[in-house]
Structure formats: structure tokens, C-alpha cells
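Chemist: Sharing protein16.txt below, compact mmCIF, C-alpha atoms:
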```
# COMPACT_ATOMS: atom_id res chain seq x y z
CA MET A 1 -52.53 91.47 -48.67
CA ARG A 2 -55.07 89.78 -50.88
CA GLU A 3 -56.47 86.33 -50.07
CA ALA A 4 -55.13 83.48 -52.21
CA LEU A 5 -57.48 82.18 -54.87
CA LEU A 6 -56.67 78.53 -54.24
CA PRO A 7 -59.09 76.35 -52.30
CA SER A 8 -57.77 75.40 -48.88
CA PHE A 9 -56.90 71.82 -49.87
CA TYR A 10 -54.26 73.21 -52.29
CA LYS A 11 -52.41 75.03 -49.48
CA ASN A 12 -50.52 71.95 -48.25
CA MET A 13 -49.38 70.90 -51.74
CA THR A 14 -46.10 71.71 -53.42
CA PHE A 15 -46.23 74.29 -56.19
CA LYS A 16 -45.79 71.55 -58.84
CA GLU A 17 -48.66 69.54 -57.31
CA GLN A 18 -50.86 72.64 -57.38
CA VAL A 19 -50.07 73.29 -61.05
CA SER A 20 -50.51 69.62 -61.94
CA ASN A 21 -53.91 69.45 -60.23
CA LEU A 22 -55.05 72.65 -61.96
CA LEU A 23 -53.98 71.21 -65.32
CA ASP A 24 -55.85 67.97 -64.60
CA GLU A 25 -58.93 70.01 -63.74
CA ALA A 26 -58.64 72.15 -66.90
CA LEU A 27 -58.03 69.15 -69.14
CA SER A 28 -61.01 67.30 -67.67
CA GLU A 29 -63.13 70.02 -69.32
CA LYS A 30 -61.46 69.23 -72.69
CA PRO A 31 -61.21 65.41 -72.87
CA GLU A 32 -59.92 65.53 -76.46
CA MET A 33 -56.73 67.21 -75.18
CA PHE A 34 -53.93 65.71 -73.13
CA LEU A 35 -50.76 66.73 -71.34
CA ILE A 36 -47.46 65.84 -72.97
CA ASP A 37 -45.09 67.59 -70.59
CA LEU A 38 -45.05 69.84 -67.55
CA SER A 39 -41.85 71.42 -66.31
CA ILE A 40 -41.30 73.99 -63.60
CA SER A 41 -37.89 75.59 -63.21
CA ASP A 42 -36.35 76.75 -59.94
CA ASN A 43 -37.42 80.33 -60.72
CA TYR A 44 -41.05 79.18 -61.24
CA LYS A 45 -41.15 79.22 -65.03
CA ILE A 46 -43.99 76.82 -65.88
CA VAL A 47 -43.88 75.23 -69.34
CA VAL A 48 -46.92 73.17 -70.35
CA THR A 49 -46.93 71.17 -73.59
CA LEU A 50 -50.26 69.86 -74.87
CA ASP A 51 -51.55 67.70 -77.67
CA GLY A 52 -55.04 66.78 -78.75
CA ASP A 53 -56.81 64.07 -80.67
CA LYS A 54 -57.68 66.71 -83.29
CA GLY A 55 -54.75 69.02 -82.61
CA VAL A 56 -54.48 72.03 -80.32
CA ASN A 57 -55.41 75.55 -81.36
CA LEU A 58 -54.54 78.91 -79.85
CA GLN A 59 -57.84 79.18 -77.97
CA ASP A 60 -57.17 75.82 -76.30
CA CYS A 61 -53.82 77.11 -75.03
CA ILE A 62 -55.44 80.33 -73.80
CA ASP A 63 -58.19 78.42 -71.97
CA ILE A 64 -55.74 76.12 -70.19
CA SER A 65 -53.44 79.03 -69.38
CA ARG A 66 -56.29 81.00 -67.79
CA VAL A 67 -57.33 78.14 -65.52
CA VAL A 68 -53.78 77.75 -64.21
CA GLU A 69 -52.91 81.45 -64.02
CA ASN A 70 -56.19 82.54 -62.39
CA ASN A 71 -55.90 79.94 -59.64
CA LEU A 72 -52.33 80.50 -58.48
CA ASP A 73 -51.24 83.18 -56.05
CA ARG A 74 -48.57 85.44 -57.59
CA GLU A 75 -47.77 86.86 -54.17
CA GLU A 76 -46.74 83.41 -52.98
CA HIS A 77 -44.83 82.46 -56.16
CA ASP A 78 -43.91 84.95 -58.87
CA PHE A 79 -44.33 82.58 -61.81
CA GLU A 80 -44.10 82.73 -65.58
CA LEU A 81 -46.45 80.51 -67.58
CA GLU A 82 -46.07 79.17 -71.12
CA VAL A 83 -48.71 76.88 -72.62
CA ALA A 84 -48.06 75.48 -76.10
CA SER A 85 -48.89 72.61 -78.40
CA VAL A 86 -46.32 70.04 -79.48
CA GLY A 87 -44.30 71.21 -82.42
CA VAL A 88 -43.62 69.62 -85.77
CA GLY A 89 -40.73 67.23 -85.38
CA THR A 90 -41.34 66.65 -81.69
CA PRO A 91 -40.94 62.95 -80.84
CA LEU A 92 -44.12 61.09 -79.93
CA LYS A 93 -44.32 60.21 -76.22
CA LEU A 94 -47.75 58.75 -75.56
CA LYS A 95 -49.67 55.86 -77.11
CA ARG A 96 -52.52 58.30 -77.66
CA GLN A 97 -50.28 60.31 -79.99
CA TYR A 98 -49.57 57.23 -82.10
CA ILE A 99 -53.30 56.50 -82.39
CA LYS A 100 -53.93 60.11 -83.42
CA ASN A 101 -51.31 59.83 -86.19
CA ILE A 102 -52.53 56.62 -87.87
CA GLY A 103 -52.25 57.10 -91.63
CA ARG A 104 -49.27 59.45 -91.40
CA THR A 105 -45.62 58.76 -92.13
CA LEU A 106 -43.32 58.26 -89.15
CA LYS A 107 -39.55 58.11 -88.88
CA VAL A 108 -39.02 55.43 -86.23
CA LYS A 109 -35.66 54.71 -84.61
CA THR A 110 -35.08 51.37 -82.93
CA GLN A 111 -31.92 49.91 -81.42
CA ASN A 112 -30.81 48.56 -84.82
CA GLU A 113 -32.38 50.69 -87.55
CA THR A 114 -34.35 53.73 -88.65
CA ILE A 115 -37.52 53.10 -90.63
CA GLU A 116 -39.62 55.67 -92.47
CA ALA A 117 -43.05 54.14 -92.95
CA GLU A 118 -46.79 54.69 -92.77
CA LEU A 119 -48.32 54.09 -89.36
CA VAL A 120 -51.22 51.77 -90.20
CA LYS A 121 -52.26 50.67 -86.71
CA ALA A 122 -51.59 51.49 -83.06
CA ASP A 123 -52.95 49.82 -79.95
CA ASP A 124 -51.92 49.46 -76.30
CA GLU A 125 -48.99 47.12 -77.01
CA LYS A 126 -47.54 47.96 -80.42
CA ILE A 127 -47.64 49.91 -83.66
CA SER A 128 -47.85 48.50 -87.18
CA LEU A 129 -45.83 50.07 -89.97
CA SER A 130 -46.04 49.59 -93.73
CA TRP A 131 -43.65 50.76 -96.44
CA SER A 132 -42.34 49.92 -99.91
CA ALA A 133 -38.74 48.84 -100.42
CA ARG A 134 -36.59 47.94 -103.42
CA GLU A 135 -35.04 44.51 -102.98
CA PRO A 136 -33.17 42.11 -105.27
CA LYS A 137 -35.48 39.84 -107.24
CA LYS A 138 -35.76 36.28 -105.93
CA ILE A 139 -35.27 34.98 -109.47
CA GLY A 140 -33.24 36.79 -112.09
CA LYS A 141 -31.39 40.08 -112.08
CA GLY A 142 -32.51 43.49 -110.94
CA LYS A 143 -34.73 44.71 -108.16
CA GLU A 144 -38.42 44.68 -107.43
CA THR A 145 -40.63 46.78 -105.17
CA VAL A 146 -41.98 44.84 -102.22
CA LEU A 147 -44.43 45.86 -99.53
CA LYS A 148 -42.93 45.47 -96.08
CA GLN A 149 -44.82 45.42 -92.79
CA LEU A 150 -43.60 45.43 -89.22
CA ASP A 151 -45.31 45.20 -85.85
CA LEU A 152 -43.18 47.07 -83.34
CA PRO A 153 -43.76 46.97 -79.57
CA TYR A 154 -43.53 50.42 -77.93
CA GLU A 155 -40.62 49.33 -75.72
CA GLU A 156 -38.49 48.77 -78.86
CA ILE A 157 -39.06 52.34 -80.11
CA LYS A 158 -36.25 54.71 -79.17
CA GLU A 159 -37.85 57.67 -80.98
CA ALA A 160 -40.71 58.26 -83.41
CA VAL A 161 -41.37 61.51 -85.24
CA VAL A 162 -44.14 62.38 -87.69
CA THR A 163 -42.61 63.42 -91.01
CA ILE A 164 -44.10 66.14 -93.13
CA ASN A 165 -44.50 65.40 -96.83
CA PHE A 166 -44.76 68.43 -99.13
CA ASN A 167 -45.85 66.55 -102.26
```
Please rewrite the model in this file as C-alpha cells.

Modeler:
Amino acid sequence: MREALLPSFYKNMTFKEQVSNLLDEALSEKPEMFLIDLSISDNYKIVVTLDGDKGVNLQDCIDISRVVENNLDREEHDFELEVASVGVGTPLKLKRQYIKNIGRTLKVKTQNETIEAELVKADDEKISLSWSAREPKKIGKGKETVLKQLDLPYEEIKEAVVTINFN
């Protein structure tokens, strides 16, 4: 039987803790990337979802996959590993993703409404959206285009998705 590749301090950890620590180690080498989701099923299927300040390419996924795969013992746990980037249409989860997407159009759902607008600012507390809307004129008949802006705290956002414009 071959000796496990993991350092001895990993031996007393759960499988998920081992994988999580290996991901942290791998991502520390690529500070522009960050973990969006880690799931491990009962039959040891590991699914890692990544994002990056400048996106995630195939080589990034391969590099992270190798660090995890090469440091787990398949004789102890027969696992399957999938490392991927977030897909188009995947809701934003982290503040860092909002910051990365400044200047893009988001579809944001709140408790009361859905707004499609440009993300103009994002910080630790809130996002700022800007969009044009047609509203009745204040004086006279007809409608006029007005610029609307909204500061929205993260806790009021139920879901936000980057929209793709093909114009």
C-alpha cells in the first residue's frame, strides 16, 4: 500500500476540511482568483466553482485541479473532481464579484422589484445602479427619458445576474 501524499497534519481532518485547505493553499498562489463554491457529495464527487478578478481560464482550472488531486489519497477516498469557472447567468454571490463587474449591466431582484441597470459602483456595504427610464412629463403630455440612480445595500439583493448584451 502506498503512503498517503498528505502531510501528517491533514490526517485528523475531515475530507471536506482537507479539500478546503488544499484549495486555500492553491488559491493563495493565484490571489486574483477566488472560490465561489465547494461541494462534496456523499460519494466524494468534489465540485469547485471559481471566479477571478480578470476571469478564469482553462489553465487556471487545471492548476487548481492538480493541487487538489495530487494531494489527496485515492486509496482512502475514491473521489471525482470537477473544477470550473462560474457560468454566464450564474447569480453573483460575493462582493468581489460585484466589484469585478462594475460597468456591466446587471439584472437585480429585490423584495419588491427587478431592475436592469448598469453597475456603476460597488463597495463593502452597497452597490450603485444607473439606468434610463421613460416617465410621464412633469408638465404637459407625453413621456420623457430620465436618468435614475439607486444605491442598494447587499442585504436587499435577492439575486443579481450579469446580463449579456449582443449589440

Chemist: Name the closest residue to A:Glu17 among the candidates A:Ser132, A:Ser39, A:Thr163, A:Thr49; distances are taken between atoms, counting only C-alpha atoms.

Modeler: A:Ser39

Chemist: Report as a ChimeraX atom specification all protein, DNA and RNA residues lying within 8 Å of A:Leu92, evaluated on all atoms listed in the file, omitting residues in the same chain fewer than 5 positions from it.

Modeler: /A:97-98,159-162

Chemist: Point out the residue among A:Leu150, A:Ile157, A:Leu129, A:Val68 with the least atom-to-atom distance to A:Lys109, counting all atoms listed in the file.

Modeler: A:Ile157

Chemist: Interatomic distance between atom CA of A:Lys158 and atom CA of A:Leu38?

Modeler: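 These two atoms are separated by 21.0 Å.
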
Chemist: Stretch 123-126 of chain A: which residues within 10 Å, counting all atoms listed in the file, same-chain residues fewer than 6 positions away excluded, as a PyMOL selection string?

Modeler: chain A and resi 95-96+98-99+150-157

Chemist: Could you check how far atom CA of A:Asn71 sits from atom CA of A:Leu94, in Å to one decimal?

Modeler: 27.7 Å
